[in-house]
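Notes follow once the structure below has been shown.
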2 protein chains.
Amino acid sequence: MVGIDEVARHAGVSTATVSRALSGKGHVSPSTKLKVEAAALALGYVVSSTASSLASGRMKNIGVVVPFLNRWFFSNVVEGAQKTLLRHGYDLTLYNLTGGGEERRSVFEHFLLRQRVDAVIAISLELTADEVARLHALNKPLVGVGGPIPGVRTLTIDDVGVARLATEHLLFLGHTRIAHLGGNEDVDRNFHLSTNRRRGYESALHAAGVPLEPALVVACDFTLSGGYQAARALLDRPADARPTAIFAASDEMAIGSILAARDLGLVIPRDLSIIGVDDHELADFFGLSTIAQFPQVQGKRAVEILMDELHPGVHDHAGWNTPMPFELITRVSTARLVS
Amino acid sequence: MVGIDEVARHAGVSTATVSRALSGKGHVSPSTKLKVEAAALALGYVVSSTASSLASGRMKNIGVVVPFLNRWFFSNVVEGAQKTLLRHGYDLTLYNLTGGGEERRSVFEHFLLRQRVDAVIAISLELTADEVARLHALNKPLVGVGGPIPGVRTLTIDDVGVARLATEHLLFLGHTRIAHLGGNEDVDRNFHLSTNRRRGYESALHAAGVPLEPALVVACDFTLSGGYQAARALLDRPADARPTAIFAASDEMAIGSILAARDLGLVIPRDLSIIGVDDHELADFFGLSTIAQFPQVQGKRAVEILMDELHPGVHDHAGWNTPMPFELITRVSTARLVS
DNA sequence: TTGAAAGCGCTAACAA
DNA sequence: TTGTTAGCGCTTTCAA
């Protein structure tokens with residue numbers, strides 16, 4: 001293991017100068033900087049991150065806390081965050097907070113707090129006030145993605161707006177019997193996501209003067225299977241008692257609906273228009289119209305915010321406070337109502 | 001930040017004893033151990049991982065290198081590894097090696113080698129001989145998951161065996177016109193996975209005395225869409241020219257085949273049996289028979305191997321050299337051939 | 001079984 | 001702009 005003093009000797013300078021030259025902090029003359037870099041390269045020197053961290057207090061490491069990894073949204077946020085961190089010279093340490101209670105406390109105590117991370121990104125995870133307070137006390141920046149954490153800056157799309165946009169798209173196409181598949185309040189621990197999307201749906205209907213039909217609002221799992229079952233029940237009735245369109249709160253549910261409609265002999269979009277939310281990778285295959293959100297961008301943005309906080313005035317991610325983007329993507333699952 | 005000396009004072013012992021008591025290494029009398037633990041708890045002491053690492057040379061951190069994260073297999077392996085590492089008191093640092101060339105070198109130089117990890121798990125990633133050699137030179141244990149890396153212990157299911165089992169299942173049901181959807185050699189950079197599965201298919205046919213029909217072996221993307229297109233082309237012909245069964249090398253492809261068959265008006269399993277590989281989360285919904293593999297178990301096993309190597313004789317994961325398990329799961333997509 | 005003390009390899013005052 | 005030097009907080013010989 002070649003150390004800093006070896007490089008210093010090789011370059012004919014002090015270790016301090018090597019440190020400054022290689023880290024970019026502090027003033028070093030261009031010529032010595034070159035010498036040092038050459039020496040480091042020649043010797044194959046790389047700083048010991050532990051020694052550096054111990055001396056400086058910086059870990060160059062961000063903790064990312066997720067409830068799951070094997071879901072479209074989470075893995076994409078993580079991927080976006082990882083790529084961005086790499087560019088900033090940071091590592092990403094992953095913590096799975098699937099289990100509750102003890103496991104969760106353990107993660108907090110022995111990992112996050114063990115000075116292993118400079119900051120934390122919490123993805124769709126409701127941190128307790130205590131957990132937030134402890135991070136705060138340790139002066140660890142924290143940013144949430146995918147759902148509001150009380151008292152913490154959180155990146156999320158405007159769920160109400162997303163739902164309104166989707167519903168407006170259907171209204172615009174002439175639909176008025178529009179069903180909504182979403183979570184119920186019970187399942188709404190995911191940050192009122194489902195509640196907000198239902199609200200957006202209701203608000204769009206209301207604005208259009210379309211009366212809300214409670215029977216057309218169905219709670220179900222946010223999965224393909226959940227969407228299938230809900231849609232199947234909703235659609236298995238005579239044409240005049242059926243909705244002409246469905247707004248599903250996620251693409252997976254929407255795809256489930258498509259499959260249910262097919263099984264009932266309905267043709268999309270002739271007999272039924274369907275729109276989802278996400279722009280999941282399967283959406284394209286199924287020709288699903290959807291409101292795209294961009295989880296990789298959300299992960300990236302979260303990192304940029306933290307970098308701003310960790311290195312004030314260095315990176316200029318001006319406007320990071322902008323809301324997260326979303327966008328209507330029309331494919332072939334929605335069409336003008338003919339009647 | 002409460003440090004070790006504060007705990008030492010509180011417990012009336014030396015810092016050395018605190019270190020020993022808390023780490024479990026070295027002999028400490030039960031009574032002092034209790035005292036120390038009480039003091040640490042009372043003060044809310046947690047070791048500084050950097051100081052500990054610098055002094056001991058151990059990072060308590062494993063690097064996991066993946067090509068993607070948003071794919072069923074990868075995210076599940078990572079999740080399995082993470083949970084297991086947590087239990088061993090280790091962190092998991094995630095490296096995405098999506099990009100090639102420069103980005104890849106950068107990861108290796110500045111992250112993996114910067115003494116940040118004690119060992120590396122490479123998931124379905126072909127490391128170059130040079131990369132392997134450098135890790136070896138640094139004495140970093142390395143284990144692969146999901147595909148053989150030359151000269152490195154790698155956990156993987158027996159792809160030939162898996163394919164043979166799937167094919168035998170179809171043969172057992174009386175099928176002889178069995179098509180195979182898999183990768184072609186071009187796409188076979190994923191460790192001959194597709195080649196091996198094709199070989200298993202061929203070997204099962206051969207053993208059953210069923211002649212191989214090259215026209216029934218179709219190369220395609222390992223995706224739902226790839227499977228759909230391939231199956232569509234394969235099935236769009238008169239019944240007597242059609243295969244009666246398909247063995248797809250992945251569940252996603254198999255599900256694509258199911259959808260293609262449906263679109264062509266075929267009824268599964270009456271007109272066509274389909275079997276996949278993986279036991280992907282969607283397999284159940286589609287009633288897909290499959291050969292299940294267990295990526296979480298593979299991640300877990302990889303960690304156990306590394307722990308054995310890092311702490312010889314401490315953990316007894318006897319038999320970690322056993323092959324990775326797989327298992328036939330019959331659902332409703334396969335049935336006896338009636339003719 | 002315990003304590004004293006010498007590092008681990010680097011960074012950041014401070015001084016020159 | 002560069003060098004000197006005192007830590008960063010812990011682990012681990014070595015000695016008792």
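The way I read the labels, and the way they are meant: chains A, B, ... in the order of the structure tokens, residue 1 as the first residue of every chain, and ligand 1 as the first ligand shown, with later ones counted on from there.
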>> Applying 12 Å and only C-alpha atoms (C1' of nucleotides), which residues near DA5 of chain C remain after dropping the ones on its own chain fewer than 3 positions away? List them as number ranges by chain.
In response: B: 14-16; D: 11-15
>> For the structure I just gave you, how does DSSP split segment 137-317 of chain B - specifically, which residues are strand (DSSP E or B)? Reply as a ChimeraX atom specification.
In response: /B:142-145,149,152,154-155,178-182,217-219,245-248,273-278,289-293
Mind dumping the selected residues with C-alpha atoms as an mmCIF file, in the first residue's frame?
data_model
loop_
_atom_site.group_PDB
_atom_site.id
_atom_site.type_symbol
_atom_site.label_atom_id
_atom_site.label_comp_id
_atom_site.auth_asym_id
_atom_site.auth_seq_id
_atom_site.Cartn_x
_atom_site.Cartn_y
_atom_site.Cartn_z
ATOM 1 C CA LEU B 142 -14.346 -11.629 -4.740
ATOM 2 C CA VAL B 143 -17.348 -13.731 -5.517
ATOM 3 C CA GLY B 144 -19.538 -13.659 -8.569
ATOM 4 C CA VAL B 145 -23.256 -14.254 -8.766
ATOM 5 C CA ILE B 149 -15.992 -15.223 -13.966
ATOM 6 C CA VAL B 152 -13.364 -16.650 -9.538
ATOM 7 C CA THR B 154 -19.210 -17.855 -8.818
ATOM 8 C CA LEU B 155 -22.654 -18.760 -7.618
ATOM 9 C CA ILE B 178 -41.081 -27.999 -28.453
ATOM 10 C CA ALA B 179 -39.812 -24.567 -29.400
ATOM 11 C CA HIS B 180 -37.124 -22.707 -27.520
ATOM 12 C CA LEU B 181 -36.877 -18.964 -27.065
ATOM 13 C CA GLY B 182 -33.494 -17.759 -25.924
ATOM 14 C CA VAL B 217 -35.082 -22.402 -31.813
ATOM 15 C CA VAL B 218 -35.533 -18.671 -31.881
ATOM 16 C CA ALA B 219 -33.197 -16.025 -30.613
ATOM 17 C CA ALA B 245 -45.016 -26.200 -26.450
ATOM 18 C CA ILE B 246 -42.526 -23.431 -25.816
ATOM 19 C CA PHE B 247 -39.641 -23.367 -23.404
ATOM 20 C CA ALA B 248 -38.618 -19.760 -22.909
ATOM 21 C CA SER B 273 -47.934 -25.223 -23.268
ATOM 22 C CA ILE B 274 -45.438 -22.628 -22.087
ATOM 23 C CA ILE B 275 -42.746 -22.814 -19.449
ATOM 24 C CA GLY B 276 -40.231 -20.196 -18.377
ATOM 25 C CA VAL B 277 -37.339 -19.752 -16.004
ATOM 26 C CA ASP B 278 -37.063 -17.524 -12.922
ATOM 27 C CA SER B 289 -45.184 -22.846 -15.081
ATOM 28 C CA THR B 290 -41.530 -22.151 -14.542
ATOM 29 C CA ILE B 291 -38.235 -23.253 -13.131
ATOM 30 C CA ALA B 292 -37.816 -21.101 -10.090
ATOM 31 C CA GLN B 293 -34.459 -19.743 -9.111
#
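Residue-level contact on chain B: within 10 Å of chain D, counting only C-alpha atoms (C1' of nucleotides), the set is Gly3, Ile4, Asp5, Thr15, Ala16, Ser19, Arg20, Val47, Ser48, Ser49, Thr50, Ala51, Ser52, Ser53, Leu54, Ala55, Ser56 and Gly57 of chain B.
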Could you turn the residues from that selection into a file that holds N, CA and C atoms, as a PDB file, in the first residue's frame?
ATOM      1  N   GLY B   3     -16.770   9.667  22.675  1.00  0.00           N
ATOM      2  CA  GLY B   3     -15.698   8.791  22.211  1.00  0.00           C
ATOM      3  C   GLY B   3     -15.393   7.664  23.166  1.00  0.00           C
ATOM      4  N   ILE B   4     -14.437   6.860  22.771  1.00  0.00           N
ATOM      5  CA  ILE B   4     -14.158   5.640  23.527  1.00  0.00           C
ATOM      6  C   ILE B   4     -13.570   5.943  24.902  1.00  0.00           C
ATOM      7  N   ASP B   5     -12.822   7.017  24.999  1.00  0.00           N
ATOM      8  CA  ASP B   5     -12.206   7.317  26.296  1.00  0.00           C
ATOM      9  C   ASP B   5     -13.242   7.748  27.330  1.00  0.00           C
ATOM     10  N   THR B  15      -9.209   2.354  27.597  1.00  0.00           N
ATOM     11  CA  THR B  15      -9.846   2.346  26.277  1.00  0.00           C
ATOM     12  C   THR B  15      -9.642   0.991  25.592  1.00  0.00           C
ATOM     13  N   ALA B  16      -8.497   0.393  25.872  1.00  0.00           N
ATOM     14  CA  ALA B  16      -8.228  -0.907  25.262  1.00  0.00           C
ATOM     15  C   ALA B  16      -9.288  -1.916  25.680  1.00  0.00           C
ATOM     16  N   SER B  19     -12.538  -1.282  23.923  1.00  0.00           N
ATOM     17  CA  SER B  19     -12.466  -1.787  22.550  1.00  0.00           C
ATOM     18  C   SER B  19     -12.677  -3.296  22.522  1.00  0.00           C
ATOM     19  N   ARG B  20     -11.978  -3.974  23.396  1.00  0.00           N
ATOM     20  CA  ARG B  20     -12.095  -5.426  23.428  1.00  0.00           C
ATOM     21  C   ARG B  20     -13.498  -5.872  23.833  1.00  0.00           C
ATOM     22  N   VAL B  47     -19.079   3.232  17.947  1.00  0.00           N
ATOM     23  CA  VAL B  47     -17.706   3.423  17.473  1.00  0.00           C
ATOM     24  C   VAL B  47     -17.702   4.255  16.211  1.00  0.00           C
ATOM     25  N   SER B  48     -16.652   4.984  16.048  1.00  0.00           N
ATOM     26  CA  SER B  48     -16.437   5.692  14.798  1.00  0.00           C
ATOM     27  C   SER B  48     -15.890   4.691  13.800  1.00  0.00           C
ATOM     28  N   SER B  49     -16.665   4.456  12.762  1.00  0.00           N
ATOM     29  CA  SER B  49     -16.244   3.417  11.834  1.00  0.00           C
ATOM     30  C   SER B  49     -14.939   3.790  11.138  1.00  0.00           C
ATOM     31  N   THR B  50     -14.737   5.060  10.895  1.00  0.00           N
ATOM     32  CA  THR B  50     -13.497   5.432  10.209  1.00  0.00           C
ATOM     33  C   THR B  50     -12.288   5.196  11.095  1.00  0.00           C
ATOM     34  N   ALA B  51     -12.389   5.620  12.339  1.00  0.00           N
ATOM     35  CA  ALA B  51     -11.263   5.422  13.243  1.00  0.00           C
ATOM     36  C   ALA B  51     -10.986   3.934  13.402  1.00  0.00           C
ATOM     37  N   SER B  52     -12.058   3.197  13.559  1.00  0.00           N
ATOM     38  CA  SER B  52     -11.913   1.756  13.702  1.00  0.00           C
ATOM     39  C   SER B  52     -11.273   1.141  12.468  1.00  0.00           C
ATOM     40  N   SER B  53     -11.744   1.578  11.328  1.00  0.00           N
ATOM     41  CA  SER B  53     -11.212   1.028  10.088  1.00  0.00           C
ATOM     42  C   SER B  53      -9.750   1.396   9.899  1.00  0.00           C
ATOM     43  N   LEU B  54      -9.448   2.628  10.206  1.00  0.00           N
ATOM     44  CA  LEU B  54      -8.068   3.067  10.018  1.00  0.00           C
ATOM     45  C   LEU B  54      -7.125   2.256  10.894  1.00  0.00           C
ATOM     46  N   ALA B  55      -7.559   2.030  12.115  1.00  0.00           N
ATOM     47  CA  ALA B  55      -6.703   1.311  13.048  1.00  0.00           C
ATOM     48  C   ALA B  55      -6.639  -0.183  12.733  1.00  0.00           C
ATOM     49  N   SER B  56      -7.729  -0.713  12.292  1.00  0.00           N
ATOM     50  CA  SER B  56      -7.778  -2.171  12.142  1.00  0.00           C
ATOM     51  C   SER B  56      -7.569  -2.647  10.714  1.00  0.00           C
ATOM     52  N   GLY B  57      -7.833  -1.764   9.777  1.00  0.00           N
ATOM     53  CA  GLY B  57      -7.729  -2.177   8.386  1.00  0.00           C
ATOM     54  C   GLY B  57      -8.975  -2.861   7.863  1.00  0.00           C
TER      55      GLY B  57
END
At a cut-off of 8 Å, using only C-alpha atoms (C1' of nucleotides), what residues contact Trp72 of chain B? Leave out same-chain residues fewer than 2 positions from it and give the result as an mmCIF file with N, CA and C atoms, in the first residue's frame.
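The file below, around.cif, is the result:
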data_model
loop_
_atom_site.group_PDB
_atom_site.id
_atom_site.type_symbol
_atom_site.label_atom_id
_atom_site.label_comp_id
_atom_site.auth_asym_id
_atom_site.auth_seq_id
_atom_site.Cartn_x
_atom_site.Cartn_y
_atom_site.Cartn_z
ATOM 1 N N ASN A 70 -36.832 -4.164 -5.157
ATOM 2 C CA ASN A 70 -37.304 -4.843 -6.362
ATOM 3 C C ASN A 70 -38.621 -4.257 -6.869
ATOM 4 N N ASN B 70 -32.552 -2.091 -12.064
ATOM 5 C CA ASN B 70 -33.998 -2.154 -12.274
ATOM 6 C C ASN B 70 -34.410 -3.411 -13.034
ATOM 7 N N PHE B 74 -31.330 -8.741 -10.546
ATOM 8 C CA PHE B 74 -30.322 -7.950 -9.851
ATOM 9 C C PHE B 74 -30.833 -7.380 -8.537
ATOM 10 N N SER B 75 -31.993 -6.775 -8.605
ATOM 11 C CA SER B 75 -32.469 -6.128 -7.387
ATOM 12 C C SER B 75 -32.733 -7.165 -6.299
ATOM 13 N N ASN B 76 -33.112 -8.357 -6.698
ATOM 14 C CA ASN B 76 -33.351 -9.376 -5.688
ATOM 15 C C ASN B 76 -32.059 -9.935 -5.106
ATOM 16 N N HIS B 280 -40.382 -15.227 -11.718
ATOM 17 C CA HIS B 280 -40.569 -13.781 -11.662
ATOM 18 C C HIS B 280 -41.891 -13.488 -10.958
#
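The gap separating atom CA of Arg71 of chain A from atom CA of Lys140 of chain A is 27.1 Å, in Å to one decimal.
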Using only C-alpha atoms (C1' of nucleotides), tabulate the residues of chain C lying at most 12 Å from any atom of chain A, each with its closest atom pair and that distance in Å to one decimal, by chain and increasing residue number, as JSON lines.
{"residue": "C:DC8", "atom": "C1'", "partner": "A:Ala51", "partner_atom": "CA", "distance": 7.6}
{"residue": "C:DG9", "atom": "C1'", "partner": "A:Ala51", "partner_atom": "CA", "distance": 5.0}
{"residue": "C:DC10", "atom": "C1'", "partner": "A:Ala51", "partner_atom": "CA", "distance": 4.9}
{"residue": "C:DT11", "atom": "C1'", "partner": "A:Ala55", "partner_atom": "CA", "distance": 5.2}
{"residue": "C:DA12", "atom": "C1'", "partner": "A:Ser56", "partner_atom": "CA", "distance": 8.2}
{"residue": "C:DA13", "atom": "C1'", "partner": "A:Ala16", "partner_atom": "CA", "distance": 11.5}
Save the residues we just selected, C-alpha atoms (C1' of nucleotides), as a compact mmCIF listing (two decimals), in the first residue's frame?
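Contents of the output file part_36.txt:
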# COMPACT_ATOMS: atom_id res chain seq x y z
C1' DC C 8 -3.22 3.54 11.36
C1' DG C 9 -2.63 7.53 6.93
C1' DC C 10 -4.28 11.52 6.29
C1' DT C 11 -5.92 16.75 6.86
C1' DA C 12 -5.77 21.36 8.48
C1' DA C 13 -4.16 24.87 11.40
>> Neighbouring residues of Phe285 of chain A were defined as those with any atom within 9 Å, considering only C-alpha atoms (C1' of nucleotides); residues of the same chain fewer than 4 positions away were excluded. Please report them as a VMD selection string.
In response: (chain A and resid 281) or (chain B and resid 224 to 225)
Output of the above residues as a compact mmCIF listing (two decimals), in the first residue's frame, restricted to C-alpha atoms:
# COMPACT_ATOMS: atom_id res chain seq x y z
CA GLU A 281 -41.11 -0.11 -18.67
CA LEU B 224 -41.50 -9.46 -22.53
CA SER B 225 -41.53 -7.67 -25.81
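With only C-alpha atoms as the atoms that count, the minimum distance from chain B to the choices A:His206, A:Arg58, A:His175, A:Lys33 is reached by A:Arg58.
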>> Please extract the residues of segment 16-223 of chain B with a backbone DSSP assignment of helix (DSSP H, G or I) and present them as a VMD selection string.
In response: chain B and resid 16 to 23 30 to 43 49 to 56 72 to 87 101 to 116 129 to 137 159 to 172 193 to 207 214 to 216
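With distances taken over only C-alpha atoms, A:Asp284 is the one residue among A:Asp284, A:Glu168, A:Asp130, A:Glu6 lying closest to chain B.
Among the candidates A:Glu252, A:Asp271, A:Glu213, A:Glu131, the one nearest to chain B when counting only C-alpha atoms is A:Glu252.
With only C-alpha atoms as the atoms that count, the residue of B:Ala137, B:Ser250, B:Thr322, B:Met1 with the shortest distance to Gly44 of chain B is B:Met1.
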Find the residues near Tyr201 of chain B: any atom within 6 Å, counting only C-alpha atoms (C1' of nucleotides), skip ones fewer than 3 places away on the same chain, and give them as a CSV table (one decimal) with N, CA and C atoms, in the first residue's frame.
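Below you can see out_36.csv, which holds the result:
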chain,number,residue,atom,x,y,z
B,163,ALA,N,-32.5,-25.9,-17.9
B,163,ALA,CA,-33.2,-26.0,-19.2
B,163,ALA,C,-33.6,-27.4,-19.5
B,164,ARG,N,-32.8,-28.3,-19.0
B,164,ARG,CA,-33.1,-29.7,-19.2
B,164,ARG,C,-34.4,-30.1,-18.4
B,167,THR,N,-37.4,-28.7,-20.2
B,167,THR,CA,-37.7,-29.4,-21.4
B,167,THR,C,-38.3,-30.8,-21.1
B,198,ARG,N,-29.8,-23.2,-24.0
B,198,ARG,CA,-30.1,-23.9,-25.2
B,198,ARG,C,-29.6,-25.3,-25.2
B,204,ALA,N,-31.9,-32.5,-23.5
B,204,ALA,CA,-33.2,-33.2,-23.1
B,204,ALA,C,-33.9,-33.8,-24.3
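The interatomic distance for the pair atom CA of Val66 of chain B and atom CA of Leu127 of chain B works out to 11.0 Å.
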